file final-v1.tsv (TSV, C-alpha atoms)
chain	number	residue	atom	x	y	z
A	1	MET	CA	-145.57	-9.19	-85.03
A	2	ALA	CA	-147.74	-6.98	-82.80
A	3	ILE	CA	-150.38	-8.69	-80.65
A	4	LYS	CA	-153.92	-7.55	-81.44
A	5	VAL	CA	-155.92	-6.78	-78.29
A	6	LEU	CA	-159.62	-5.96	-78.06
A	7	HIS	CA	-160.46	-4.17	-74.81
A	8	ILE	CA	-164.11	-4.31	-73.67
A	9	ILE	CA	-165.00	-1.71	-71.06
A	10	SER	CA	-168.00	0.34	-70.00
A	11	SER	CA	-166.46	3.63	-71.13
A	12	LEU	CA	-163.20	5.55	-71.23
A	13	GLY	CA	-164.81	8.14	-69.00
A	14	GLU	CA	-163.56	9.38	-65.64
A	15	GLY	CA	-162.02	6.68	-63.47
A	16	GLY	CA	-158.71	5.12	-62.53
A	17	VAL	CA	-158.95	1.99	-64.69
A	18	GLU	CA	-160.19	4.05	-67.64
A	19	ARG	CA	-157.32	6.50	-67.37
A	20	MET	CA	-154.88	3.62	-66.97
A	21	LEU	CA	-156.20	1.81	-70.06
A	22	ALA	CA	-155.86	4.95	-72.18
A	23	ALA	CA	-152.28	5.44	-70.93
A	24	PHE	CA	-151.53	1.76	-71.59
A	25	ILE	CA	-152.71	2.10	-75.20
A	26	ARG	CA	-150.61	5.23	-75.77
A	27	GLY	CA	-147.54	3.74	-74.10
A	28	SER	CA	-147.50	0.38	-75.87
A	29	GLU	CA	-147.88	1.33	-79.53
A	30	GLY	CA	-145.76	-0.97	-81.66
A	31	ARG	CA	-145.93	-3.88	-79.26
A	32	PHE	CA	-149.73	-4.15	-79.39
A	33	VAL	CA	-152.49	-3.17	-81.82
A	34	HIS	CA	-155.39	-1.94	-79.73
A	35	ARG	CA	-159.13	-1.66	-80.28
A	36	VAL	CA	-161.62	-0.61	-77.60
A	37	ALA	CA	-165.30	-1.57	-77.53
A	38	ALA	CA	-166.86	1.02	-75.18
A	39	ILE	CA	-170.21	-0.34	-74.02
A	40	ASN	CA	-171.70	3.08	-73.22
A	41	ASP	CA	-169.70	5.92	-74.77
A	42	THR	CA	-166.15	6.84	-75.74
A	43	GLY	CA	-165.42	9.06	-72.71
A	44	ILE	CA	-162.91	11.80	-72.01
A	45	PHE	CA	-159.84	9.55	-71.98
A	46	SER	CA	-160.38	8.54	-75.60
A	47	LYS	CA	-159.04	11.94	-76.64
A	48	GLY	CA	-155.52	11.67	-78.01
A	49	LEU	CA	-155.79	7.99	-78.89
A	50	PRO	CA	-155.15	6.92	-82.50
A	51	PRO	CA	-158.16	7.39	-84.81
A	52	ASP	CA	-160.74	4.60	-84.87
A	53	THR	CA	-159.29	3.02	-81.73
A	54	VAL	CA	-162.53	3.36	-79.72
A	55	THR	CA	-165.96	2.23	-80.90
A	56	ALA	CA	-168.93	3.35	-78.79
A	57	LEU	CA	-171.65	0.71	-78.69
A	58	GLY	CA	-174.26	2.95	-77.07
A	59	ARG	CA	-175.91	0.52	-74.68
A	60	ARG	CA	-179.63	1.19	-75.14
A	61	CYS	CA	-180.80	0.04	-71.71
A	62	ARG	CA	-179.47	-1.75	-68.64
A	63	ILE	CA	-180.26	-5.16	-70.15
A	64	ASP	CA	-179.46	-4.66	-73.84
A	65	ALA	CA	-179.95	-8.10	-75.40
A	66	GLY	CA	-178.33	-7.03	-78.66
A	67	LEU	CA	-175.14	-5.77	-77.03
A	68	PRO	CA	-173.15	-9.05	-77.01
A	69	PHE	CA	-173.94	-9.51	-80.71
A	70	ARG	CA	-172.61	-6.01	-81.51
A	71	ILE	CA	-169.44	-6.85	-79.59
A	72	LYS	CA	-169.28	-10.19	-81.43
A	73	ARG	CA	-169.35	-8.31	-84.72
A	74	ILE	CA	-166.29	-6.29	-83.63
A	75	ILE	CA	-164.55	-9.53	-82.57
A	76	ASN	CA	-165.20	-11.01	-86.02
A	77	GLU	CA	-164.05	-7.85	-87.84
A	78	PHE	CA	-160.93	-7.20	-85.75
A	79	SER	CA	-159.99	-10.86	-85.13
A	80	PRO	CA	-158.04	-10.10	-81.92
A	81	ASP	CA	-155.37	-12.36	-80.47
A	82	ILE	CA	-156.52	-11.37	-76.96
A	83	ILE	CA	-159.95	-10.29	-75.72
A	84	GLN	CA	-159.50	-8.27	-72.52
A	85	THR	CA	-162.51	-7.26	-70.39
A	86	TYR	CA	-162.67	-4.79	-67.49
A	87	ALA	CA	-164.72	-4.58	-64.27
A	88	PHE	CA	-168.22	-5.99	-63.84
A	89	THR	CA	-169.95	-4.42	-66.87
A	90	GLY	CA	-167.14	-5.16	-69.30
A	91	ASN	CA	-166.61	-8.64	-67.83
A	92	LEU	CA	-170.32	-9.48	-68.13
A	93	TRP	CA	-170.94	-8.40	-71.73
A	94	GLY	CA	-167.43	-9.14	-72.93
A	95	ARG	CA	-167.45	-12.74	-71.73
A	96	LEU	CA	-170.91	-13.27	-73.25
A	97	ALA	CA	-169.67	-11.95	-76.61
A	98	ALA	CA	-166.50	-14.04	-76.38
A	99	ALA	CA	-168.53	-17.18	-75.70
A	100	LEU	CA	-170.80	-16.42	-78.68
A	101	SER	CA	-167.64	-16.17	-80.80
A	102	GLY	CA	-166.25	-19.44	-79.51
A	103	ARG	CA	-163.52	-17.53	-77.66
A	104	LYS	CA	-162.45	-16.87	-74.09
A	105	ALA	CA	-161.52	-13.55	-72.47
A	106	VAL	CA	-158.82	-12.33	-70.12
A	107	THR	CA	-160.73	-10.52	-67.36
A	108	TYR	CA	-159.47	-7.63	-65.26
A	109	GLU	CA	-160.85	-7.44	-61.73
A	110	ARG	CA	-160.75	-4.34	-59.60
A	111	GLY	CA	-162.64	-3.12	-56.57
A	112	THR	CA	-164.72	-4.94	-53.99
A	113	ALA	CA	-168.23	-3.51	-54.41
A	114	ALA	CA	-169.77	-6.41	-56.35
A	115	ALA	CA	-168.20	-9.26	-54.42
A	116	VAL	CA	-170.86	-9.19	-51.67
A	117	ASN	CA	-173.84	-9.07	-54.07
A	118	PRO	CA	-175.17	-12.64	-54.48
A	119	PHE	CA	-176.67	-11.90	-57.91
A	120	PHE	CA	-173.44	-10.41	-59.28
A	121	ASP	CA	-171.51	-13.25	-57.66
A	122	LEU	CA	-173.72	-15.84	-59.38
A	123	ILE	CA	-173.23	-14.16	-62.76
A	124	ASP	CA	-169.49	-14.03	-62.19
A	125	ARG	CA	-169.29	-17.73	-61.35
A	126	THR	CA	-171.57	-18.71	-64.24
A	127	LEU	CA	-169.52	-16.85	-66.84
A	128	SER	CA	-166.14	-17.97	-65.51
A	129	PHE	CA	-166.13	-20.71	-68.16
A	130	ALA	CA	-165.59	-17.96	-70.75
A	131	GLU	CA	-162.36	-16.61	-69.25
A	132	THR	CA	-158.81	-17.90	-69.52
A	133	VAL	CA	-157.36	-16.05	-66.54
A	134	ARG	CA	-158.36	-13.24	-64.21
A	135	ILE	CA	-155.94	-10.36	-63.74
A	136	CYS	CA	-156.14	-9.04	-60.18
A	137	ASN	CA	-154.59	-5.66	-59.45
A	138	SER	CA	-153.51	-6.62	-55.92
A	139	GLU	CA	-153.34	-9.51	-53.51
A	140	THR	CA	-156.58	-8.15	-52.01
A	141	SER	CA	-158.31	-8.50	-55.36
A	142	ARG	CA	-156.96	-12.04	-55.73
A	143	ILE	CA	-158.29	-13.00	-52.28
A	144	LEU	CA	-161.76	-11.79	-53.25
A	145	ALA	CA	-161.69	-13.52	-56.63
A	146	GLU	CA	-160.61	-16.85	-55.17
A	147	LYS	CA	-162.32	-16.91	-51.76
A	148	LYS	CA	-165.50	-15.02	-52.57
A	149	SER	CA	-166.20	-15.86	-56.22
A	150	GLY	CA	-164.41	-19.19	-56.50
A	151	ILE	CA	-162.21	-18.10	-59.41
A	152	LYS	CA	-159.19	-20.40	-59.62
A	153	LYS	CA	-157.15	-19.09	-62.54
A	154	THR	CA	-155.79	-15.78	-61.24
A	155	THR	CA	-152.64	-13.73	-61.57
A	156	VAL	CA	-151.62	-10.45	-59.92
A	157	VAL	CA	-150.50	-7.51	-62.07
A	158	GLU	CA	-150.38	-4.36	-59.96
A	159	ASN	CA	-151.61	-1.06	-61.39
A	160	PHE	CA	-149.29	1.63	-62.66
A	161	ILE	CA	-149.43	5.27	-61.63
A	162	SER	CA	-148.07	8.64	-62.62
A	163	PRO	CA	-145.13	9.10	-60.21
A	164	GLY	CA	-145.02	12.90	-60.43
A	165	ASN	CA	-142.29	15.04	-58.98
A	166	GLY	CA	-142.11	15.86	-55.28
A	167	ALA	CA	-139.91	18.85	-56.08
A	168	LEU	CA	-142.95	20.68	-57.52
A	169	TYR	CA	-144.35	21.30	-54.02
A	170	GLU	CA	-145.63	24.85	-53.49
A	171	PRO	CA	-145.81	25.97	-49.82
A	172	SER	CA	-149.02	27.55	-48.61
A	173	SER	CA	-149.07	31.33	-48.89
A	174	ASP	CA	-151.35	31.82	-45.86
A	175	GLY	CA	-149.92	29.15	-43.56
A	176	LYS	CA	-152.97	26.90	-43.74
A	177	ILE	CA	-152.52	23.14	-43.97
A	178	ARG	CA	-154.03	21.93	-47.24
A	179	ILE	CA	-155.67	18.51	-47.21
A	180	ALA	CA	-156.37	17.12	-50.67
A	181	VAL	CA	-159.03	14.60	-51.65
A	182	VAL	CA	-158.53	13.28	-55.20
A	183	GLY	CA	-160.95	10.94	-56.95
A	184	ARG	CA	-164.48	10.39	-58.16
A	185	LEU	CA	-167.14	11.82	-55.85
A	186	HIS	CA	-169.15	8.64	-55.50
A	187	TRP	CA	-170.44	6.62	-52.55
A	188	LYS	CA	-168.05	3.81	-53.46
A	189	ARG	CA	-165.19	6.26	-52.97
A	190	GLY	CA	-166.45	7.22	-49.50
A	191	ALA	CA	-167.40	10.74	-50.61
A	192	PHE	CA	-170.62	10.68	-48.57
A	193	LEU	CA	-168.44	10.87	-45.43
A	194	LEU	CA	-166.78	14.14	-46.44
A	195	PRO	CA	-169.19	16.73	-44.92
A	196	GLN	CA	-168.99	15.15	-41.45
A	197	ILE	CA	-165.21	14.70	-41.65
A	198	VAL	CA	-164.60	18.26	-42.89
A	199	LYS	CA	-166.79	19.86	-40.22
A	200	ARG	CA	-165.22	17.83	-37.39
A	201	ALA	CA	-161.68	18.58	-38.61
A	202	LEU	CA	-162.35	22.31	-38.96
A	203	GLU	CA	-163.75	22.42	-35.42
A	204	ARG	CA	-160.38	21.14	-34.21
A	205	SER	CA	-158.11	23.22	-36.46
A	206	VAL	CA	-159.04	26.52	-38.09
A	207	GLN	CA	-155.68	26.54	-39.91
A	208	THR	CA	-156.90	23.88	-42.31
A	209	ARG	CA	-158.22	23.94	-45.88
A	210	PHE	CA	-159.68	21.03	-47.85
A	211	ILE	CA	-159.09	20.79	-51.60
A	212	ILE	CA	-161.63	18.36	-53.11
A	213	THR	CA	-160.82	17.31	-56.68
A	214	GLY	CA	-163.00	15.28	-58.99
A	215	SER	CA	-166.54	15.03	-60.26
A	216	GLY	CA	-169.26	12.45	-59.82
A	217	PRO	CA	-172.86	11.93	-58.73
A	218	LEU	CA	-172.33	13.32	-55.21
A	219	LYS	CA	-170.60	16.56	-56.22
A	220	GLU	CA	-173.70	18.75	-56.24
A	221	GLN	CA	-174.92	17.47	-52.87
A	222	LEU	CA	-171.47	17.83	-51.31
A	223	GLU	CA	-171.22	21.44	-52.50
A	224	LYS	CA	-174.61	22.10	-50.94
A	225	ASP	CA	-173.69	20.44	-47.63
A	226	LEU	CA	-170.40	22.35	-47.48
A	227	SER	CA	-171.68	25.69	-48.84
A	228	ASP	CA	-170.68	27.62	-45.69
A	229	GLU	CA	-167.17	26.19	-45.79
A	230	ILE	CA	-166.87	27.04	-49.49
A	231	SER	CA	-167.96	30.62	-48.73
A	232	ASN	CA	-165.36	31.13	-46.00
A	233	GLY	CA	-162.57	29.55	-48.04
A	234	THR	CA	-161.93	26.47	-45.91
A	235	VAL	CA	-163.16	24.14	-48.66
A	236	GLU	CA	-162.36	24.34	-52.37
A	237	PHE	CA	-163.97	22.19	-55.05
A	238	THR	CA	-161.80	22.13	-58.16
A	239	GLY	CA	-163.98	19.78	-60.22
A	240	ARG	CA	-162.22	17.38	-62.55
A	241	VAL	CA	-158.73	18.53	-63.57
A	242	ASP	CA	-156.80	17.40	-66.66
A	243	ASP	CA	-153.48	17.71	-64.84
A	244	PRO	CA	-153.66	16.41	-61.25
A	245	GLU	CA	-150.18	17.86	-60.58
A	246	THR	CA	-151.90	21.23	-60.16
A	247	VAL	CA	-153.51	19.77	-57.03
A	248	TYR	CA	-150.72	17.51	-55.77
A	249	LYS	CA	-148.13	20.30	-55.79
A	250	ARG	CA	-150.21	22.39	-53.38
A	251	SER	CA	-151.15	19.53	-51.04
A	252	ASP	CA	-149.60	19.25	-47.60
A	253	MET	CA	-151.31	15.94	-46.90
A	254	GLY	CA	-153.88	13.67	-48.52
A	255	LEU	CA	-157.12	12.07	-47.42
A	256	PHE	CA	-158.11	8.76	-49.03
A	257	LEU	CA	-161.58	7.38	-48.24
A	258	ASN	CA	-162.17	4.77	-50.93
A	259	LEU	CA	-164.45	1.97	-49.70
A	260	THR	CA	-164.22	-0.46	-52.61
A	261	GLU	CA	-160.83	-0.03	-54.33
A	262	SER	CA	-158.54	-3.04	-54.14
A	263	PHE	CA	-155.37	-1.21	-55.24
A	264	GLY	CA	-155.55	2.50	-54.42
A	265	ASN	CA	-154.21	4.57	-57.33
A	266	ALA	CA	-154.79	7.97	-55.75
A	267	LEU	CA	-153.28	6.79	-52.45
A	268	CYS	CA	-150.21	5.52	-54.29
A	269	GLU	CA	-149.87	8.75	-56.28
A	270	PHE	CA	-149.90	10.82	-53.07
A	271	LEU	CA	-147.17	8.64	-51.56
A	272	ALA	CA	-145.09	8.66	-54.76
A	273	ARG	CA	-144.93	12.44	-54.45
A	274	GLY	CA	-143.88	12.38	-50.81
A	275	ILE	CA	-147.31	13.50	-49.59
A	276	PRO	CA	-148.40	11.71	-46.38
A	277	VAL	CA	-151.94	10.32	-46.34
A	278	VAL	CA	-154.73	9.48	-43.93
A	279	ALA	CA	-156.29	6.25	-45.22
A	280	PRO	CA	-158.17	3.08	-44.12
A	281	ASP	CA	-156.32	0.19	-42.51
A	282	CYS	CA	-157.95	-2.30	-44.89
A	283	ASP	CA	-157.78	-3.74	-48.39
A	284	ASN	CA	-154.47	-3.10	-50.21
A	285	PHE	CA	-153.65	0.11	-48.36
A	286	PRO	CA	-151.50	-1.34	-45.53
A	287	PHE	CA	-149.32	-2.93	-48.24
A	288	LEU	CA	-148.78	0.48	-49.88
A	289	ALA	CA	-148.51	2.85	-46.94
A	290	VAL	CA	-146.32	2.67	-43.84
A	291	ASN	CA	-148.46	3.48	-40.83
A	292	GLY	CA	-146.83	6.07	-38.59
A	293	GLU	CA	-144.33	7.11	-41.25
A	294	ASN	CA	-145.96	8.25	-44.50
A	295	ALA	CA	-149.52	7.52	-43.38
A	296	VAL	CA	-151.99	7.38	-40.53
A	297	LEU	CA	-154.19	4.35	-41.12
A	298	TYR	CA	-157.55	4.29	-39.37
A	299	GLU	CA	-159.71	1.24	-38.72
A	300	LYS	CA	-162.96	0.82	-40.61
A	301	THR	CA	-165.56	0.29	-37.90
A	302	ALA	CA	-168.80	1.95	-38.97
A	303	ARG	CA	-171.46	-0.03	-40.84
A	304	THR	CA	-172.87	1.49	-44.02
A	305	PRO	CA	-176.11	0.79	-45.91
A	306	TYR	CA	-174.08	0.09	-49.05
A	307	ARG	CA	-173.21	-3.41	-50.22
A	308	PHE	CA	-169.50	-4.10	-50.56
A	309	VAL	CA	-166.74	-5.91	-48.74
A	310	ASN	CA	-163.36	-5.07	-47.23
A	311	VAL	CA	-160.38	-7.36	-46.93
A	312	CYS	CA	-158.83	-6.82	-43.51
A	313	GLY	CA	-155.90	-8.92	-42.35
A	314	GLY	CA	-156.62	-11.50	-45.05
A	315	GLY	CA	-160.24	-11.93	-43.88
A	316	ILE	CA	-163.37	-10.67	-45.62
A	317	ARG	CA	-165.62	-8.24	-43.74
A	318	LYS	CA	-168.87	-6.84	-45.10
A	319	GLY	CA	-169.91	-3.22	-45.48
A	320	LEU	CA	-167.46	-1.29	-43.28
A	321	ALA	CA	-166.68	2.41	-43.62
A	322	GLY	CA	-164.66	4.80	-41.52
A	323	ASP	CA	-166.23	6.62	-38.60
A	324	PRO	CA	-166.01	10.40	-39.31
A	325	GLU	CA	-164.94	11.03	-35.71
A	326	ILE	CA	-162.07	8.53	-35.99
A	327	ILE	CA	-161.04	9.90	-39.38
A	328	ALA	CA	-161.04	13.50	-38.08
A	329	ALA	CA	-158.91	12.39	-35.12
A	330	SER	CA	-156.51	10.69	-37.55
A	331	ILE	CA	-156.24	13.92	-39.54
A	332	MET	CA	-155.38	15.81	-36.34
A	333	LYS	CA	-152.76	13.18	-35.46
A	334	MET	CA	-151.01	13.82	-38.75
A	335	ILE	CA	-151.33	17.60	-38.49
A	336	SER	CA	-149.78	17.55	-34.98
A	337	ASP	CA	-146.50	16.24	-36.41
A	338	LEU	CA	-146.86	17.08	-40.09
A	339	GLY	CA	-143.22	18.06	-40.58
A	340	THR	CA	-142.04	14.61	-39.50
A	341	PHE	CA	-144.68	12.85	-41.61
A	342	ARG	CA	-143.69	14.87	-44.68
A	343	ALA	CA	-139.98	14.20	-44.13
A	344	LYS	CA	-140.56	10.45	-43.80
A	345	ALA	CA	-142.93	10.43	-46.78
A	346	GLY	CA	-140.25	12.15	-48.85
A	347	SER	CA	-137.65	9.59	-47.86
A	348	LEU	CA	-139.98	6.72	-48.85
A	349	ARG	CA	-140.85	7.98	-52.33
A	350	SER	CA	-138.55	5.48	-54.03
A	351	ARG	CA	-140.75	2.60	-52.79
A	352	TYR	CA	-143.38	3.59	-55.38
A	353	LEU	CA	-141.16	3.83	-58.45
A	354	LYS	CA	-141.91	0.17	-59.17
A	355	PHE	CA	-145.50	1.07	-60.13
A	356	SER	CA	-144.36	2.23	-63.55
A	357	ALA	CA	-146.12	2.01	-66.90
A	358	GLU	CA	-143.09	0.21	-68.33
A	359	ARG	CA	-143.32	-2.54	-65.70
A	360	TYR	CA	-147.09	-2.90	-66.26
A	361	ILE	CA	-146.75	-3.14	-70.05
A	362	SER	CA	-143.97	-5.71	-69.68
A	363	GLU	CA	-145.99	-7.90	-67.28
A	364	ILE	CA	-149.18	-7.69	-69.35
A	365	GLY	CA	-147.21	-8.46	-72.51
A	366	ALA	CA	-145.61	-11.49	-70.86
A	367	LEU	CA	-149.05	-12.71	-69.76
A	368	TYR	CA	-150.52	-12.33	-73.24
A	369	GLU	CA	-147.57	-14.16	-74.77
A	370	SER	CA	-147.86	-17.01	-72.26
A	371	LEU	CA	-151.51	-17.45	-73.28
A	372	LEU	CA	-150.79	-17.29	-77.01
A	373	PHE	CA	-147.58	-19.33	-76.95
A	374	PRO	CA	-147.83	-21.65	-73.91
A	375	GLU	CA	-145.05	-23.87	-75.25
A	376	LYS	CA	-142.61	-20.98	-74.72
A	377	SER	CA	-143.75	-20.28	-71.12
A	378	VAL	CA	-141.41	-21.08	-68.28
A	379	LYS	CA	-143.00	-23.69	-66.07

call {"tool": "encode", "arguments": {"input": "final-v1.tsv", "output": "structure tokens"}}
result
Amino acid sequence: MAIKVLHIISSLGEGGVERMLAAFIRGSEGRFVHRVAAINDTGIFSKGLPPDTVTALGRRCRIDAGLPFRIKRIINEFSPDIIQTYAFTGNLWGRLAAALSGRKAVTYERGTAAAVNPFFDLIDRTLSFAETVRICNSETSRILAEKKSGIKKTTVVENFISPGNGALYEPSSDGKIRIAVVGRLHWKRGAFLLPQIVKRALERSVQTRFIITGSGPLKEQLEKDLSDEISNGTVEFTGRVDDPETVYKRSDMGLFLNLTESFGNALCEFLARGIPVVAPDCDNFPFLAVNGENAVLYEKTARTPYRFVNVCGGGIRKGLAGDPEIIAASIMKMISDLGTFRAKAGSLRSRYLKFSAERYISEIGALYESLLFPEKSVK
């Protein structure tokens, strides 16, 4: 009999976890019966899901006192075997609704932005009574959950990605080296660093073009700051694309700036396609990339005004971002021997095949079953 799962999330709008949840629902039909309570709106990734899968709750304001009761109504109607919540917003309102229903939730933790905020941390600790286990998407995420927020019941289930096909690579027609940035254009993703990085890199190498893919709150300002570069063709903004392969196949190397991600989906998708990447030497990224082979990893040294944490070498460090000068130098290091980096990245592609949807569905299913049928679990 299929396990009934209620997913509580802010939205199925643009984002890695949102895209992954939609793919999980599509890929696990038959094993699970899914329902999604979207706190804000349905979002773009709800398209193509079975009818009536997603219910938009239309949060009326930041503190919507009636929201947990609307979620509780869905819990009572759907009667799920598992209540699964996602990220801070979903974890907050979902655990409240679960508690009101006399239930507990499985929480999914990702990112590091909230872990340094004392108010968020207090809420997280207070509501931990309403969760059975916390799913962490990497060892980095587990370290934060246990050391920073005091969460004891944790398990690691790594994300899944779209592995793509390295054979789709299209060489540049004008000989320029194309550097791709893929992801949401948000401060948490390090997008505010882009203008300084781009300008410094172009000063060092005129045979370079940046392809910036994604949308987000910083897109308009970034286009304004890089208007000259857009005009002369050294920077291209594609906006959000439905098929990221259109960008990956014309990328010679990648640039990953995320400041708060504890797994690194875009980084992993570059590497799975044999595309070498410049990325931070913090969080989960040193576990994914091989410095000097398919990546150049730079140290995060510059303080930022934003509140988040990094996990570096197993220790927790507050509010670090990359220095644009160091990042530009790292880009030049890769460009200087790009052929070797691409060859090594191609030979290491098989390392990332394990991040498959099938593996993720199997591990999540095993977790759900261990919670529902503990007597059958292997001790």

call {"tool": "closest_atom_pairs", "arguments": {"input": "final-v1.tsv", "of": "segment 218-333 of chain A", "to": "segment 347-368 of chain A", "cutoff": "10 Å", "atoms": "only C-alpha atoms", "output": "JSON lines"}}
result
{"residue": "A:Asn265", "atom": "CA", "partner": "A:Phe355", "partner_atom": "CA", "distance": 9.8}
{"residue": "A:Cys268", "atom": "CA", "partner": "A:Tyr352", "partner_atom": "CA", "distance": 7.2}
{"residue": "A:Glu269", "atom": "CA", "partner": "A:Tyr352", "partner_atom": "CA", "distance": 8.3}
{"residue": "A:Phe270", "atom": "CA", "partner": "A:Arg349", "partner_atom": "CA", "distance": 9.5}
{"residue": "A:Leu271", "atom": "CA", "partner": "A:Arg349", "partner_atom": "CA", "distance": 6.4}
{"residue": "A:Ala272", "atom": "CA", "partner": "A:Arg349", "partner_atom": "CA", "distance": 4.9}
{"residue": "A:Arg273", "atom": "CA", "partner": "A:Arg349", "partner_atom": "CA", "distance": 6.4}
{"residue": "A:Gly274", "atom": "CA", "partner": "A:Arg349", "partner_atom": "CA", "distance": 5.6}
{"residue": "A:Ile275", "atom": "CA", "partner": "A:Arg349", "partner_atom": "CA", "distance": 8.9}
{"residue": "A:Leu288", "atom": "CA", "partner": "A:Tyr352", "partner_atom": "CA", "distance": 8.3}
{"residue": "A:Ala289", "atom": "CA", "partner": "A:Leu348", "partner_atom": "CA", "distance": 9.6}
{"residue": "A:Val290", "atom": "CA", "partner": "A:Leu348", "partner_atom": "CA", "distance": 9.0}
{"residue": "A:Glu293", "atom": "CA", "partner": "A:Leu348", "partner_atom": "CA", "distance": 8.8}
{"residue": "A:Asn294", "atom": "CA", "partner": "A:Leu348", "partner_atom": "CA", "distance": 7.6}

call {"tool": "residues_around", "arguments": {"input": "final-v1.tsv", "residues": "segment 165-181 of chain A", "least_positions_apart": "5", "cutoff": "8 Å", "atoms": "all atoms listed in the file", "output": "list in words"}}
result
Gln207, Thr208, Arg209, Phe210, Ile211, Ile212, Thr213, Val247, Tyr248, Lys249, Arg250, Ser251, Asp252, Met253, Gly254, Leu255, Phe256, Ala272, Arg273, Gly274, Ile335 and Gly346 of chain A

call {"tool": "axis_aligned_box", "arguments": {"input": "final-v1.tsv", "around": "segment 175-186 of chain A", "padding_each_side": "5 Å", "output": "lines of an AutoDock Vina configuration file"}}
result
center_x = -159.5
center_y = 18.9
center_z = -50.9
size_x = 29.2
size_y = 30.5
size_z = 24.6

call {"tool": "closest_residue", "arguments": {"input": "final-v1.tsv", "among": "A:Thr155, A:Asn258, A:Ser330, A:Ser28", "to": "Leu193 of chain A", "atoms": "only C-alpha atoms"}}
result
A:Asn258

call {"tool": "residues_around", "arguments": {"input": "final-v1.tsv", "residues": "Val54 of chain A", "least_positions_apart": "2", "cutoff": "9 Å", "atoms": "all atoms listed in the file", "output": "PDB file with C-alpha atoms, in the frame of the given file"}}
result
ATOM      1  CA  LEU A  12    -163.200   5.550 -71.230  1.00  0.00           C
ATOM      2  CA  HIS A  34    -155.390  -1.940 -79.730  1.00  0.00           C
ATOM      3  CA  ARG A  35    -159.130  -1.660 -80.280  1.00  0.00           C
ATOM      4  CA  VAL A  36    -161.620  -0.610 -77.600  1.00  0.00           C
ATOM      5  CA  ALA A  37    -165.300  -1.570 -77.530  1.00  0.00           C
ATOM      6  CA  ALA A  38    -166.860   1.020 -75.180  1.00  0.00           C
ATOM      7  CA  THR A  42    -166.150   6.840 -75.740  1.00  0.00           C
ATOM      8  CA  SER A  46    -160.380   8.540 -75.600  1.00  0.00           C
ATOM      9  CA  LEU A  49    -155.790   7.990 -78.890  1.00  0.00           C
ATOM     10  CA  PRO A  50    -155.150   6.920 -82.500  1.00  0.00           C
ATOM     11  CA  PRO A  51    -158.160   7.390 -84.810  1.00  0.00           C
ATOM     12  CA  ASP A  52    -160.740   4.600 -84.870  1.00  0.00           C
ATOM     13  CA  ALA A  56    -168.930   3.350 -78.790  1.00  0.00           C
TER      14      ALA A  56
END

call {"tool": "residues_near_point", "arguments": {"input": "final-v1.tsv", "point": "(-169.4, 16.7, -63.3)", "cutoff": "7 Å", "atoms": "only C-alpha atoms", "output": "ChimeraX atom specification"}}
result
/A:215-216,239

call {"tool": "closest_residue", "arguments": {"input": "final-v1.tsv", "among": "A:Gly27, A:Gly264, A:Gly16, A:Gly66", "to": "Gly48 of chain A", "atoms": "all atoms listed in the file"}}
result
A:Gly27

call {"tool": "atom_distance", "arguments": {"input": "final-v1.tsv", "atom1": "atom CA of Glu220 of chain A", "atom2": "atom CA of Ser11 of chain A"}}
result
22.4 Å

call {"tool": "closest_residue", "arguments": {"input": "final-v1.tsv", "among": "A:Ala329, A:Ala302, A:Leu194, A:Ala105", "to": "Leu92 of chain A", "atoms": "all atoms listed in the file"}}
result
A:Ala105

call {"tool": "atom_distance", "arguments": {"input": "final-v1.tsv", "atom1": "atom CA of Cys136 of chain A", "atom2": "atom CA of Asn76 of chain A"}}
result
27.5 Å

call {"tool": "atom_distance", "arguments": {"input": "final-v1.tsv", "atom1": "atom CA of Lys104 of chain A", "atom2": "atom CA of His7 of chain A"}}
result
12.9 Å

call {"tool": "closest_residue", "arguments": {"input": "final-v1.tsv", "among": "A:Thr126, A:Thr55, A:Thr132, A:Ser149", "to": "Arg103 of chain A", "atoms": "all atoms listed in the file"}}
result
A:Thr132
